[in-house]
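Trainee: Structure in structure tokens, see below.
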Amino acid sequence: MSQIIFSHAYDDIISIENLLEAWKEFIRGKKSRKDVQEFRRNLMSNVISLHDDLVSKEYLHSSYEAFNISDPKPRNIHKAKVRDRLLHHAFYRFLYPLFDRTFTVDSYSCRLGKGTHKAMNRFRTFSNKVTKNHTKTAWVLKCDIRKFFASIDQSVLSGILEKYTTDKDILWLLERIIQSFDSGTAGKGLPLGNLTSQLLVNIYMNEFDQFMKHCLKVKYYTRYADDFVIMSQDKDWLIKLTTKIGDFLEARLKLSLHPNKVFIKTLASGVDFLGWVHFPDHKVLRTVTKRRMFKKLRDSDKLEIIQSYRGLLSQGSACKLRSMVK
């Protein structure tokens with residue numbers, strides 16, 4: 001955990017070559033957007049200007065544009081300027097491959113080759129093992145972290161990052177990105193919308209994943225962002241585990257469990273995880289997810305949206321619903 005994993009220098013990250021490669025990745029699916037088109041008109045001039053500011057350490061992150069979405073619960077999204085988002089991509093290209101190797105196998109959010117489908121497959125594999133192929137009772141501890149993105153402690157995050165590199169220039173730039181966001185609470189929060197935020201919260205929560213796996217020796221544990229589940233045949237062990245989890249999150253990461261979203265129940269009674277209600281031998285789509293799906297289908301008849309939902313429904317017991325999505 002404490003080994004230096006950065007094998008690239010600051011100059012590699014901020015190089016014009018890397019910025020241009022990052023641009024190619026950044027503009028995918030965004031070429032028609034007005035702010036992207038404006039930046040593109042003077043692309044080389046804008047890239048060189050960004051590069052020069054990074055070399056001279058005069059780079060300042062711009063303010064964010066805030067807006068709300070419902071997905072399905074209300075979320076406050078913060079959108080950075082194109083110039084800053086280009087830098088996020090340039091940084092991400094180097095950071096992600098390095099940090100991803102440090103993450104546990106049971107972290108599934110915002111990782112290549114992972115995602116919700118893989119997380120649910122892992123959940124099913126664990127349920128088969130804990131129930132001994134449906135012959136034993138499996139208890140499930142399900143937890144959710146309260147105001148996850150808004151509660152990330154920027155100082156704690158910076159301290160974690162310092163364990164992975166001694167390059168002061170890289171740490172300076174990471175600080176610029178981390179401290180660019182003002183959540184309204186001093187020193188707290190990451191913007192929900194930044195590409196770098198997706199990686200940084202995984203780096204942050206990797207501390208928790210490592211604690212769960214190596215200190216508490218929790219075997220049947222699956223996490224997707226701030227939503228995680230643990231299975232066991234021993235309900236009392238899960239009750240004791242809840243206290244240890246809460247204590248670690250508060251002491252090490254300054255996070256707290258959501259008081260209304262922590263429960264222990266049998267798998268046979270149905271466990272709500274990642275939009276589906278899971279049972280020992282099948283899963284059904286959660287009612288809220290179902291309502292959101294039909295609302296989106298009413299609002300749009302785009303083929304890609306229809307195909308996306310048909311793909312979602314193929315993951316569980318939803319033959320009747322699949323026949324309704326046309």
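The chains in the structure tokens are called A, B, ... from first to last as shown; in each chain the residues are counted from 1, and the ligands are counted from 1 in the order shown.
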Within 9 Å of Gln179 of chain A, counting only C-alpha atoms, which residues show up once you throw out same-chain ones fewer than 5 positions away? Write them as a PyMOL selection string, please.
Mentor: chain A and resi 61+154+174+187-190
Trainee: Next, write the just-selected residues to a file, as a PDB file, in the first residue's frame, keeping C-alpha atoms as the atom set.
Mentor:
```pdb
ATOM      1  CA  HIS A  61      -8.898  25.569 -12.261  1.00  0.00           C
ATOM      2  CA  GLN A 154      -9.887  16.706   0.771  1.00  0.00           C
ATOM      3  CA  LEU A 174      -3.658  16.987  -7.803  1.00  0.00           C
ATOM      4  CA  GLY A 187     -12.234  21.145   2.799  1.00  0.00           C
ATOM      5  CA  LYS A 188     -15.020  18.728   1.932  1.00  0.00           C
ATOM      6  CA  GLY A 189     -16.346  17.184  -1.249  1.00  0.00           C
ATOM      7  CA  LEU A 190     -15.527  16.246  -4.812  1.00  0.00           C
TER       8      LEU A 190
END
```
Trainee: Determine, counting only C-alpha atoms, which protein, DNA and RNA residues have an atom within 12 Å of an atom of Ser15 of chain A; residues of the same chain fewer than 6 positions away are not included. Present the result as a PDB file with N, CA and C atoms, in the first residue's frame.
Mentor:
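Result went into part-v4.pdb, see below:
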```pdb
ATOM      1  N   HIS A   8       5.816   7.674 -13.988  1.00  0.00           N
ATOM      2  CA  HIS A   8       5.935   8.772 -14.947  1.00  0.00           C
ATOM      3  C   HIS A   8       6.163  10.086 -14.218  1.00  0.00           C
ATOM      4  N   ALA A   9       6.791  11.007 -14.908  1.00  0.00           N
ATOM      5  CA  ALA A   9       7.085  12.316 -14.325  1.00  0.00           C
ATOM      6  C   ALA A   9       5.974  13.314 -14.655  1.00  0.00           C
ATOM      7  N   GLU A  21      -3.452  13.627 -27.084  1.00  0.00           N
ATOM      8  CA  GLU A  21      -4.044  12.288 -27.011  1.00  0.00           C
ATOM      9  C   GLU A  21      -5.289  12.308 -26.129  1.00  0.00           C
ATOM     10  N   ALA A  22      -5.208  13.069 -25.041  1.00  0.00           N
ATOM     11  CA  ALA A  22      -6.352  13.203 -24.148  1.00  0.00           C
ATOM     12  C   ALA A  22      -7.518  13.889 -24.854  1.00  0.00           C
ATOM     13  N   VAL A  47      -4.253  24.371 -26.328  1.00  0.00           N
ATOM     14  CA  VAL A  47      -3.452  23.300 -25.714  1.00  0.00           C
ATOM     15  C   VAL A  47      -2.098  23.846 -25.258  1.00  0.00           C
ATOM     16  N   ILE A  48      -1.473  24.653 -26.117  1.00  0.00           N
ATOM     17  CA  ILE A  48      -0.165  25.230 -25.761  1.00  0.00           C
ATOM     18  C   ILE A  48      -0.305  26.174 -24.559  1.00  0.00           C
ATOM     19  N   SER A  49      -1.377  26.944 -24.525  1.00  0.00           N
ATOM     20  CA  SER A  49      -1.620  27.842 -23.396  1.00  0.00           C
ATOM     21  C   SER A  49      -1.777  27.054 -22.091  1.00  0.00           C
ATOM     22  N   LEU A  50      -2.539  25.965 -22.143  1.00  0.00           N
ATOM     23  CA  LEU A  50      -2.712  25.108 -20.965  1.00  0.00           C
ATOM     24  C   LEU A  50      -1.375  24.503 -20.555  1.00  0.00           C
ATOM     25  N   HIS A  51      -0.638  24.004 -21.512  1.00  0.00           N
ATOM     26  CA  HIS A  51       0.676  23.414 -21.248  1.00  0.00           C
ATOM     27  C   HIS A  51       1.614  24.426 -20.583  1.00  0.00           C
ATOM     28  N   ASP A  52       1.643  25.650 -21.126  1.00  0.00           N
ATOM     29  CA  ASP A  52       2.524  26.691 -20.579  1.00  0.00           C
ATOM     30  C   ASP A  52       2.151  27.032 -19.136  1.00  0.00           C
ATOM     31  N   ASP A  53       0.849  27.102 -18.849  1.00  0.00           N
ATOM     32  CA  ASP A  53       0.398  27.391 -17.485  1.00  0.00           C
ATOM     33  C   ASP A  53       0.790  26.284 -16.516  1.00  0.00           C
ATOM     34  N   LEU A  54       0.774  25.054 -17.002  1.00  0.00           N
ATOM     35  CA  LEU A  54       1.157  23.913 -16.163  1.00  0.00           C
ATOM     36  C   LEU A  54       2.670  23.889 -15.928  1.00  0.00           C
ATOM     37  N   VAL A  55       3.429  24.262 -16.940  1.00  0.00           N
ATOM     38  CA  VAL A  55       4.900  24.312 -16.795  1.00  0.00           C
ATOM     39  C   VAL A  55       5.293  25.393 -15.798  1.00  0.00           C
ATOM     40  N   LEU A  87      -7.598  18.647 -19.092  1.00  0.00           N
ATOM     41  CA  LEU A  87      -6.545  18.300 -18.136  1.00  0.00           C
ATOM     42  C   LEU A  87      -6.928  17.068 -17.322  1.00  0.00           C
ATOM     43  N   ALA A  90      -6.176  14.143 -19.379  1.00  0.00           N
ATOM     44  CA  ALA A  90      -4.727  13.944 -19.512  1.00  0.00           C
ATOM     45  C   ALA A  90      -4.155  13.287 -18.258  1.00  0.00           C
ATOM     46  N   PHE A  91      -4.604  13.726 -17.102  1.00  0.00           N
ATOM     47  CA  PHE A  91      -4.150  13.166 -15.827  1.00  0.00           C
ATOM     48  C   PHE A  91      -4.652  11.732 -15.667  1.00  0.00           C
ATOM     49  N   PHE A  94      -2.819   8.683 -17.149  1.00  0.00           N
ATOM     50  CA  PHE A  94      -1.660   8.163 -16.420  1.00  0.00           C
ATOM     51  C   PHE A  94      -2.055   7.544 -15.081  1.00  0.00           C
TER      52      PHE A  94
END
```
Trainee: If you count only C-alpha atoms, which residues fall within 12 Å of segment 119-125 of chain A, apart from same-chain ones fewer than 4 positions away, as a PDB file with C-alpha atoms, in the first residue's frame?
Mentor:
```pdb
ATOM      1  CA  VAL A 105     -11.190  -7.430  -7.126  1.00  0.00           C
ATOM      2  CA  ASP A 106     -14.484  -6.645  -5.374  1.00  0.00           C
ATOM      3  CA  SER A 107     -14.545  -2.906  -6.164  1.00  0.00           C
ATOM      4  CA  TYR A 108     -16.782  -2.500  -9.239  1.00  0.00           C
ATOM      5  CA  SER A 109     -17.572   1.180  -9.790  1.00  0.00           C
ATOM      6  CA  CYS A 110     -15.981   3.176 -12.659  1.00  0.00           C
ATOM      7  CA  ARG A 111     -13.451   0.502 -13.576  1.00  0.00           C
ATOM      8  CA  GLY A 113     -14.079  -4.591 -17.179  1.00  0.00           C
ATOM      9  CA  LYS A 114     -16.220  -4.096 -14.076  1.00  0.00           C
ATOM     10  CA  GLY A 115     -19.584  -2.320 -13.698  1.00  0.00           C
ATOM     11  CA  LYS A 129     -21.373 -20.122  -1.706  1.00  0.00           C
ATOM     12  CA  VAL A 130     -22.863 -18.723   1.510  1.00  0.00           C
ATOM     13  CA  THR A 131     -26.180 -20.584   1.077  1.00  0.00           C
ATOM     14  CA  LYS A 132     -24.306 -23.774   0.083  1.00  0.00           C
ATOM     15  CA  ASN A 133     -26.373 -23.823  -3.128  1.00  0.00           C
ATOM     16  CA  HIS A 134     -29.593 -22.757  -1.385  1.00  0.00           C
ATOM     17  CA  ALA A 138     -27.622 -16.320   4.101  1.00  0.00           C
ATOM     18  CA  VAL A 140     -26.821  -9.865   4.137  1.00  0.00           C
ATOM     19  CA  LYS A 142     -26.159  -3.783   3.252  1.00  0.00           C
ATOM     20  CA  LYS A 219     -14.605 -12.774   2.424  1.00  0.00           C
ATOM     21  CA  TYR A 220     -18.005 -12.150   0.849  1.00  0.00           C
ATOM     22  CA  TYR A 221     -17.868  -8.391   0.304  1.00  0.00           C
ATOM     23  CA  THR A 222     -18.908  -6.434  -2.812  1.00  0.00           C
ATOM     24  CA  ARG A 223     -18.741  -2.647  -3.254  1.00  0.00           C
ATOM     25  CA  TYR A 224     -20.074  -0.371  -5.963  1.00  0.00           C
ATOM     26  CA  ALA A 225     -19.244   3.292  -5.167  1.00  0.00           C
ATOM     27  CA  ASP A 227     -23.094   0.972  -1.822  1.00  0.00           C
ATOM     28  CA  PHE A 228     -21.713  -2.278  -0.382  1.00  0.00           C
ATOM     29  CA  VAL A 229     -22.953  -5.659   0.816  1.00  0.00           C
ATOM     30  CA  ILE A 230     -21.482  -8.428   2.986  1.00  0.00           C
ATOM     31  CA  MET A 231     -22.851 -11.968   3.268  1.00  0.00           C
ATOM     32  CA  LEU A 267     -31.313 -13.147   1.201  1.00  0.00           C
ATOM     33  CA  VAL A 271     -32.011  -7.688  -0.917  1.00  0.00           C
ATOM     34  CA  ASP A 272     -32.090  -4.423  -2.863  1.00  0.00           C
ATOM     35  CA  PHE A 273     -28.711  -3.944  -4.582  1.00  0.00           C
ATOM     36  CA  LEU A 274     -27.850  -1.970  -7.731  1.00  0.00           C
ATOM     37  CA  GLY A 275     -31.392  -1.518  -8.973  1.00  0.00           C
ATOM     38  CA  TRP A 276     -32.484  -5.123  -8.508  1.00  0.00           C
ATOM     39  CA  VAL A 277     -34.049  -7.041  -5.615  1.00  0.00           C
ATOM     40  CA  HIS A 278     -31.986 -10.209  -5.204  1.00  0.00           C
ATOM     41  CA  PHE A 279     -33.268 -13.587  -3.985  1.00  0.00           C
ATOM     42  CA  PRO A 280     -31.346 -16.886  -3.636  1.00  0.00           C
ATOM     43  CA  ASP A 281     -32.199 -18.133  -7.141  1.00  0.00           C
ATOM     44  CA  HIS A 282     -33.378 -15.050  -9.061  1.00  0.00           C
ATOM     45  CA  LYS A 283     -33.642 -11.251  -9.050  1.00  0.00           C
ATOM     46  CA  LEU A 312     -30.679  -4.405 -18.553  1.00  0.00           C
ATOM     47  CA  GLN A 315     -29.883  -9.640 -16.541  1.00  0.00           C
ATOM     48  CA  GLY A 316     -32.771 -10.839 -14.364  1.00  0.00           C
TER      49      GLY A 316
END
```
Trainee: According to DSSP computed on the backbone, where in segment 88-288 of chain A is there helix (DSSP H, G or I)? Give the residues as a PyMOL selection string.
Mentor: chain A and resi 88-100+116-130+148-151+154-161+168-178+195-215+235-252+267-269+287-288
Trainee: Using only C-alpha atoms, which of A:Ser45, A:Ser256, A:Ser7, A:Thr243 sits nearest Leu141 of chain A?
Mentor: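 Of A:Ser45, A:Ser256, A:Ser7, A:Thr243, the one nearest Leu141 of chain A, counting only C-alpha atoms, is A:Thr243.
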Trainee: Taking the chain letters and numbering used in this document, name the residues of segment 174-285 of chain A that DSSP puts in strand (DSSP E or B), as a compact mmCIF listing (two decimals) with all heavy atoms, in the first residue's frame.
Mentor:
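Contents of the output file states07.txt:
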```txt
# COMPACT_ATOMS: atom_id res chain seq x y z
N LYS A 188 -14.22 19.93 2.14
CA LYS A 188 -15.02 18.73 1.93
C LYS A 188 -15.55 18.64 0.50
O LYS A 188 -15.89 19.65 -0.10
CB LYS A 188 -16.22 18.70 2.89
CG LYS A 188 -15.87 18.48 4.35
CD LYS A 188 -15.63 17.01 4.63
CE LYS A 188 -15.51 16.74 6.12
NZ LYS A 188 -15.36 15.31 6.41
N TYR A 221 -17.66 -9.85 0.29
CA TYR A 221 -17.87 -8.39 0.30
C TYR A 221 -17.84 -7.87 -1.12
O TYR A 221 -16.95 -8.21 -1.92
CB TYR A 221 -16.74 -7.77 1.14
CG TYR A 221 -16.47 -6.29 0.92
CD1 TYR A 221 -17.27 -5.33 1.53
CD2 TYR A 221 -15.39 -5.86 0.14
CE1 TYR A 221 -17.00 -3.96 1.35
CE2 TYR A 221 -15.12 -4.51 -0.03
CZ TYR A 221 -15.93 -3.57 0.57
OH TYR A 221 -15.66 -2.23 0.40
N THR A 222 -18.84 -7.03 -1.48
CA THR A 222 -18.91 -6.43 -2.81
C THR A 222 -19.25 -4.96 -2.67
O THR A 222 -20.21 -4.61 -1.98
CB THR A 222 -20.00 -7.11 -3.67
OG1 THR A 222 -19.83 -8.52 -3.65
CG2 THR A 222 -19.94 -6.63 -5.11
N ARG A 223 -18.47 -4.09 -3.33
CA ARG A 223 -18.74 -2.65 -3.25
C ARG A 223 -18.88 -2.03 -4.64
O ARG A 223 -18.11 -2.33 -5.54
CB ARG A 223 -17.61 -1.92 -2.51
CG ARG A 223 -17.87 -0.41 -2.36
CD ARG A 223 -16.77 0.30 -1.60
NE ARG A 223 -15.49 0.29 -2.33
CZ ARG A 223 -15.19 1.14 -3.31
NH1 ARG A 223 -16.07 2.05 -3.71
NH2 ARG A 223 -14.02 1.08 -3.90
N TYR A 224 -19.91 -1.18 -4.77
CA TYR A 224 -20.07 -0.37 -5.96
C TYR A 224 -20.27 1.06 -5.49
O TYR A 224 -21.32 1.40 -4.93
CB TYR A 224 -21.28 -0.83 -6.78
CG TYR A 224 -21.36 -0.17 -8.14
CD1 TYR A 224 -20.82 -0.79 -9.26
CD2 TYR A 224 -21.93 1.09 -8.30
CE1 TYR A 224 -20.86 -0.18 -10.51
CE2 TYR A 224 -21.97 1.71 -9.53
CZ TYR A 224 -21.44 1.07 -10.63
OH TYR A 224 -21.47 1.69 -11.86
N ASP A 227 -22.10 2.01 -2.11
CA ASP A 227 -23.09 0.97 -1.82
C ASP A 227 -22.36 -0.36 -1.68
O ASP A 227 -21.70 -0.81 -2.63
CB ASP A 227 -24.08 0.92 -3.00
CG ASP A 227 -25.40 0.31 -2.63
OD1 ASP A 227 -25.57 -0.11 -1.48
OD2 ASP A 227 -26.27 0.22 -3.53
N PHE A 228 -22.43 -1.01 -0.52
CA PHE A 228 -21.71 -2.28 -0.38
C PHE A 228 -22.51 -3.29 0.44
O PHE A 228 -23.35 -2.92 1.26
CB PHE A 228 -20.31 -2.08 0.20
CG PHE A 228 -20.26 -1.42 1.56
CD1 PHE A 228 -20.26 -2.16 2.73
CD2 PHE A 228 -20.18 -0.03 1.66
CE1 PHE A 228 -20.19 -1.55 3.97
CE2 PHE A 228 -20.11 0.59 2.89
CZ PHE A 228 -20.12 -0.17 4.05
N VAL A 229 -22.25 -4.56 0.15
CA VAL A 229 -22.95 -5.66 0.82
C VAL A 229 -21.94 -6.69 1.30
O VAL A 229 -20.89 -6.89 0.70
CB VAL A 229 -23.97 -6.34 -0.12
CG1 VAL A 229 -25.15 -5.44 -0.41
CG2 VAL A 229 -23.32 -6.79 -1.42
N ILE A 230 -22.30 -7.36 2.41
CA ILE A 230 -21.48 -8.43 2.99
C ILE A 230 -22.42 -9.57 3.33
O ILE A 230 -23.49 -9.36 3.91
CB ILE A 230 -20.75 -7.95 4.26
CG1 ILE A 230 -19.85 -6.75 3.93
CG2 ILE A 230 -19.93 -9.08 4.87
CD1 ILE A 230 -19.63 -5.83 5.10
N MET A 231 -22.03 -10.79 2.99
CA MET A 231 -22.85 -11.97 3.27
C MET A 231 -22.20 -12.88 4.29
O MET A 231 -20.98 -13.00 4.34
CB MET A 231 -23.08 -12.77 1.99
CG MET A 231 -23.99 -12.13 0.99
SD MET A 231 -24.36 -13.27 -0.35
CE MET A 231 -24.62 -12.11 -1.68
N SER A 232 -23.05 -13.54 5.07
CA SER A 232 -22.56 -14.50 6.05
C SER A 232 -23.73 -15.37 6.53
O SER A 232 -24.90 -14.94 6.44
CB SER A 232 -21.93 -13.78 7.25
OG SER A 232 -21.57 -14.70 8.25
N LEU A 257 -21.94 6.13 7.93
CA LEU A 257 -22.96 5.30 7.32
C LEU A 257 -24.30 6.03 7.36
O LEU A 257 -24.60 6.74 8.33
CB LEU A 257 -23.08 3.97 8.05
CG LEU A 257 -21.87 3.04 7.96
CD1 LEU A 257 -22.05 1.83 8.86
CD2 LEU A 257 -21.63 2.58 6.51
N PHE A 263 -28.94 -2.15 6.92
CA PHE A 263 -29.83 -3.19 7.43
C PHE A 263 -29.20 -4.56 7.28
O PHE A 263 -28.28 -4.76 6.47
CB PHE A 263 -31.20 -3.14 6.74
CG PHE A 263 -31.16 -3.37 5.26
CD1 PHE A 263 -30.99 -4.64 4.72
CD2 PHE A 263 -31.33 -2.30 4.39
CE1 PHE A 263 -30.97 -4.85 3.35
CE2 PHE A 263 -31.30 -2.50 3.01
CZ PHE A 263 -31.12 -3.78 2.50
N ILE A 264 -29.70 -5.49 8.06
CA ILE A 264 -29.30 -6.90 7.97
C ILE A 264 -30.57 -7.72 7.78
O ILE A 264 -31.50 -7.63 8.59
CB ILE A 264 -28.56 -7.37 9.25
CG1 ILE A 264 -27.27 -6.57 9.45
CG2 ILE A 264 -28.24 -8.87 9.16
CD1 ILE A 264 -26.56 -6.86 10.76
N LYS A 265 -30.63 -8.47 6.70
CA LYS A 265 -31.80 -9.28 6.42
C LYS A 265 -31.39 -10.55 5.69
O LYS A 265 -30.25 -10.64 5.18
CB LYS A 265 -32.82 -8.49 5.62
CG LYS A 265 -32.34 -8.05 4.26
CD LYS A 265 -33.25 -7.01 3.61
CE LYS A 265 -34.64 -7.52 3.36
NZ LYS A 265 -35.47 -6.59 2.57
N THR A 266 -32.29 -11.49 5.61
CA THR A 266 -31.97 -12.73 4.90
C THR A 266 -32.06 -12.50 3.40
O THR A 266 -32.87 -11.69 2.93
CB THR A 266 -32.93 -13.87 5.29
OG1 THR A 266 -34.28 -13.51 4.91
CG2 THR A 266 -32.86 -14.15 6.78
N VAL A 271 -32.98 -8.73 -1.23
CA VAL A 271 -32.01 -7.69 -0.92
C VAL A 271 -31.89 -6.73 -2.10
O VAL A 271 -31.58 -7.13 -3.22
CB VAL A 271 -30.63 -8.30 -0.59
CG1 VAL A 271 -29.60 -7.20 -0.39
CG2 VAL A 271 -30.72 -9.18 0.65
N ASP A 272 -32.15 -5.47 -1.84
CA ASP A 272 -32.09 -4.42 -2.86
C ASP A 272 -30.63 -4.01 -3.07
O ASP A 272 -30.00 -3.46 -2.17
CB ASP A 272 -32.92 -3.23 -2.39
CG ASP A 272 -33.10 -2.17 -3.45
OD1 ASP A 272 -32.28 -2.12 -4.38
OD2 ASP A 272 -34.03 -1.36 -3.34
N PHE A 273 -30.10 -4.27 -4.28
CA PHE A 273 -28.71 -3.94 -4.58
C PHE A 273 -28.56 -3.64 -6.06
O PHE A 273 -28.90 -4.44 -6.92
CB PHE A 273 -27.80 -5.12 -4.19
CG PHE A 273 -26.33 -4.87 -4.37
CD1 PHE A 273 -25.70 -3.77 -3.82
CD2 PHE A 273 -25.54 -5.77 -5.09
CE1 PHE A 273 -24.33 -3.54 -3.98
CE2 PHE A 273 -24.17 -5.58 -5.25
CZ PHE A 273 -23.57 -4.45 -4.70
N TRP A 276 -31.76 -3.86 -8.48
CA TRP A 276 -32.48 -5.12 -8.51
C TRP A 276 -32.72 -5.62 -7.08
O TRP A 276 -31.91 -5.33 -6.19
CB TRP A 276 -31.70 -6.19 -9.27
CG TRP A 276 -31.56 -5.93 -10.74
CD1 TRP A 276 -30.66 -5.10 -11.34
CD2 TRP A 276 -32.34 -6.49 -11.79
NE1 TRP A 276 -30.82 -5.11 -12.70
CE2 TRP A 276 -31.85 -5.96 -13.01
CE3 TRP A 276 -33.41 -7.40 -11.83
CZ2 TRP A 276 -32.39 -6.30 -14.24
CZ3 TRP A 276 -33.94 -7.75 -13.07
CH2 TRP A 276 -33.44 -7.20 -14.26
N VAL A 277 -33.80 -6.37 -6.89
CA VAL A 277 -34.05 -7.04 -5.61
C VAL A 277 -33.63 -8.50 -5.80
O VAL A 277 -34.19 -9.22 -6.63
CB VAL A 277 -35.53 -6.96 -5.19
CG1 VAL A 277 -35.73 -7.66 -3.85
CG2 VAL A 277 -35.97 -5.49 -5.08
N HIS A 278 -32.61 -8.90 -5.03
CA HIS A 278 -31.99 -10.21 -5.20
C HIS A 278 -32.57 -11.24 -4.23
O HIS A 278 -32.73 -10.96 -3.03
CB HIS A 278 -30.47 -10.10 -4.97
CG HIS A 278 -29.79 -9.17 -5.92
ND1 HIS A 278 -29.03 -9.61 -6.98
CD2 HIS A 278 -29.76 -7.81 -5.98
CE1 HIS A 278 -28.57 -8.57 -7.64
NE2 HIS A 278 -28.98 -7.47 -7.05
N LYS A 283 -33.54 -12.65 -9.44
CA LYS A 283 -33.64 -11.25 -9.05
C LYS A 283 -34.70 -10.57 -9.90
O LYS A 283 -34.92 -10.96 -11.06
CB LYS A 283 -32.29 -10.54 -9.16
CG LYS A 283 -31.66 -10.49 -10.54
CD LYS A 283 -30.33 -9.75 -10.46
CE LYS A 283 -29.63 -9.68 -11.82
NZ LYS A 283 -29.07 -10.98 -12.22
N VAL A 284 -35.36 -9.56 -9.31
CA VAL A 284 -36.39 -8.82 -10.03
C VAL A 284 -36.06 -7.34 -9.99
O VAL A 284 -35.41 -6.86 -9.06
CB VAL A 284 -37.79 -9.06 -9.41
CG1 VAL A 284 -38.19 -10.52 -9.55
CG2 VAL A 284 -37.84 -8.62 -7.95
N LEU A 285 -36.50 -6.63 -11.00
CA LEU A 285 -36.20 -5.21 -11.11
C LEU A 285 -36.89 -4.43 -9.99
O LEU A 285 -38.08 -4.65 -9.71
CB LEU A 285 -36.65 -4.68 -12.47
CG LEU A 285 -36.03 -3.37 -12.96
CD1 LEU A 285 -34.53 -3.53 -13.16
CD2 LEU A 285 -36.69 -2.92 -14.26
```
Trainee: With distances taken over only C-alpha atoms, which of A:Thr137, A:Gln37, A:Thr104, A:Ser32 is nearest to Val82 of chain A?
Mentor: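 Once distances to Val82 of chain A are computed over only C-alpha atoms, the minimum belongs to A:Gln37.
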Trainee: Taking 3 positions as the minimum chain separation for residues in the same chain, which residues sit within 12 Å of Glu162 of chain A when counting only C-alpha atoms? Answer as a short mmCIF file (atom, residue, chain, number, x, y, z; two decimals) with N, CA and C atoms, in the first residue's frame.
Mentor:
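Final output, part_2.cif:
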```cif
data_model
loop_
_atom_site.label_atom_id
_atom_site.label_comp_id
_atom_site.auth_asym_id
_atom_site.auth_seq_id
_atom_site.Cartn_x
_atom_site.Cartn_y
_atom_site.Cartn_z
N MET A 1 0.81 -1.22 0.00
CA MET A 1 0.00 0.00 0.00
C MET A 1 0.84 1.27 0.00
N SER A 2 2.00 1.26 0.62
CA SER A 2 2.78 2.48 0.74
C SER A 2 3.84 2.64 -0.33
N GLN A 3 3.95 1.68 -1.23
CA GLN A 3 4.98 1.76 -2.25
C GLN A 3 4.67 2.86 -3.25
N ILE A 4 5.71 3.46 -3.83
CA ILE A 4 5.52 4.49 -4.83
C ILE A 4 5.15 3.81 -6.14
N ILE A 5 3.98 4.18 -6.70
CA ILE A 5 3.55 3.50 -7.91
C ILE A 5 3.68 4.36 -9.16
N PHE A 6 3.90 5.69 -8.99
CA PHE A 6 4.06 6.53 -10.17
C PHE A 6 5.37 6.21 -10.88
N SER A 155 -8.33 16.84 2.65
CA SER A 155 -7.03 16.67 3.31
C SER A 155 -6.68 15.20 3.46
N VAL A 156 -7.67 14.40 3.84
CA VAL A 156 -7.45 12.95 3.96
C VAL A 156 -7.08 12.38 2.60
N LEU A 157 -7.79 12.79 1.56
CA LEU A 157 -7.51 12.32 0.20
C LEU A 157 -6.09 12.68 -0.21
N SER A 158 -5.67 13.91 0.04
CA SER A 158 -4.31 14.34 -0.30
C SER A 158 -3.28 13.50 0.44
N GLY A 159 -3.56 13.19 1.70
CA GLY A 159 -2.65 12.36 2.49
C GLY A 159 -2.52 10.95 1.92
N THR A 165 3.36 8.71 -4.28
CA THR A 165 4.38 9.42 -5.05
C THR A 165 5.06 10.47 -4.19
N THR A 166 6.32 10.72 -4.50
CA THR A 166 7.05 11.81 -3.84
C THR A 166 7.22 13.00 -4.78
N ASP A 167 6.65 12.89 -5.99
CA ASP A 167 6.77 13.96 -6.97
C ASP A 167 5.92 15.15 -6.54
N LYS A 168 6.56 16.21 -6.10
CA LYS A 168 5.85 17.37 -5.55
C LYS A 168 5.04 18.11 -6.63
N ASP A 169 5.48 18.03 -7.87
CA ASP A 169 4.74 18.69 -8.95
C ASP A 169 3.42 17.97 -9.21
N ILE A 170 3.46 16.65 -9.22
CA ILE A 170 2.24 15.87 -9.42
C ILE A 170 1.27 16.12 -8.27
N LEU A 171 1.79 16.14 -7.05
CA LEU A 171 0.94 16.39 -5.89
C LEU A 171 0.36 17.81 -5.92
N TRP A 172 1.16 18.77 -6.40
CA TRP A 172 0.67 20.15 -6.54
C TRP A 172 -0.53 20.19 -7.47
N LEU A 174 -2.53 17.70 -8.40
CA LEU A 174 -3.66 16.99 -7.80
C LEU A 174 -4.38 17.88 -6.80
N GLU A 175 -3.60 18.63 -6.02
CA GLU A 175 -4.20 19.56 -5.05
C GLU A 175 -5.04 20.61 -5.78
N ILE A 203 -9.80 5.64 -5.13
CA ILE A 203 -8.55 5.67 -4.37
C ILE A 203 -8.87 5.87 -2.88
#
```
Trainee: Neighbouring residues of Ser197 of chain A were defined as those with any atom within 9 Å, considering only C-alpha atoms; residues of the same chain fewer than 6 positions away were excluded. Please report them as a ChimeraX atom specification.
Mentor: /A:149,178,190-191
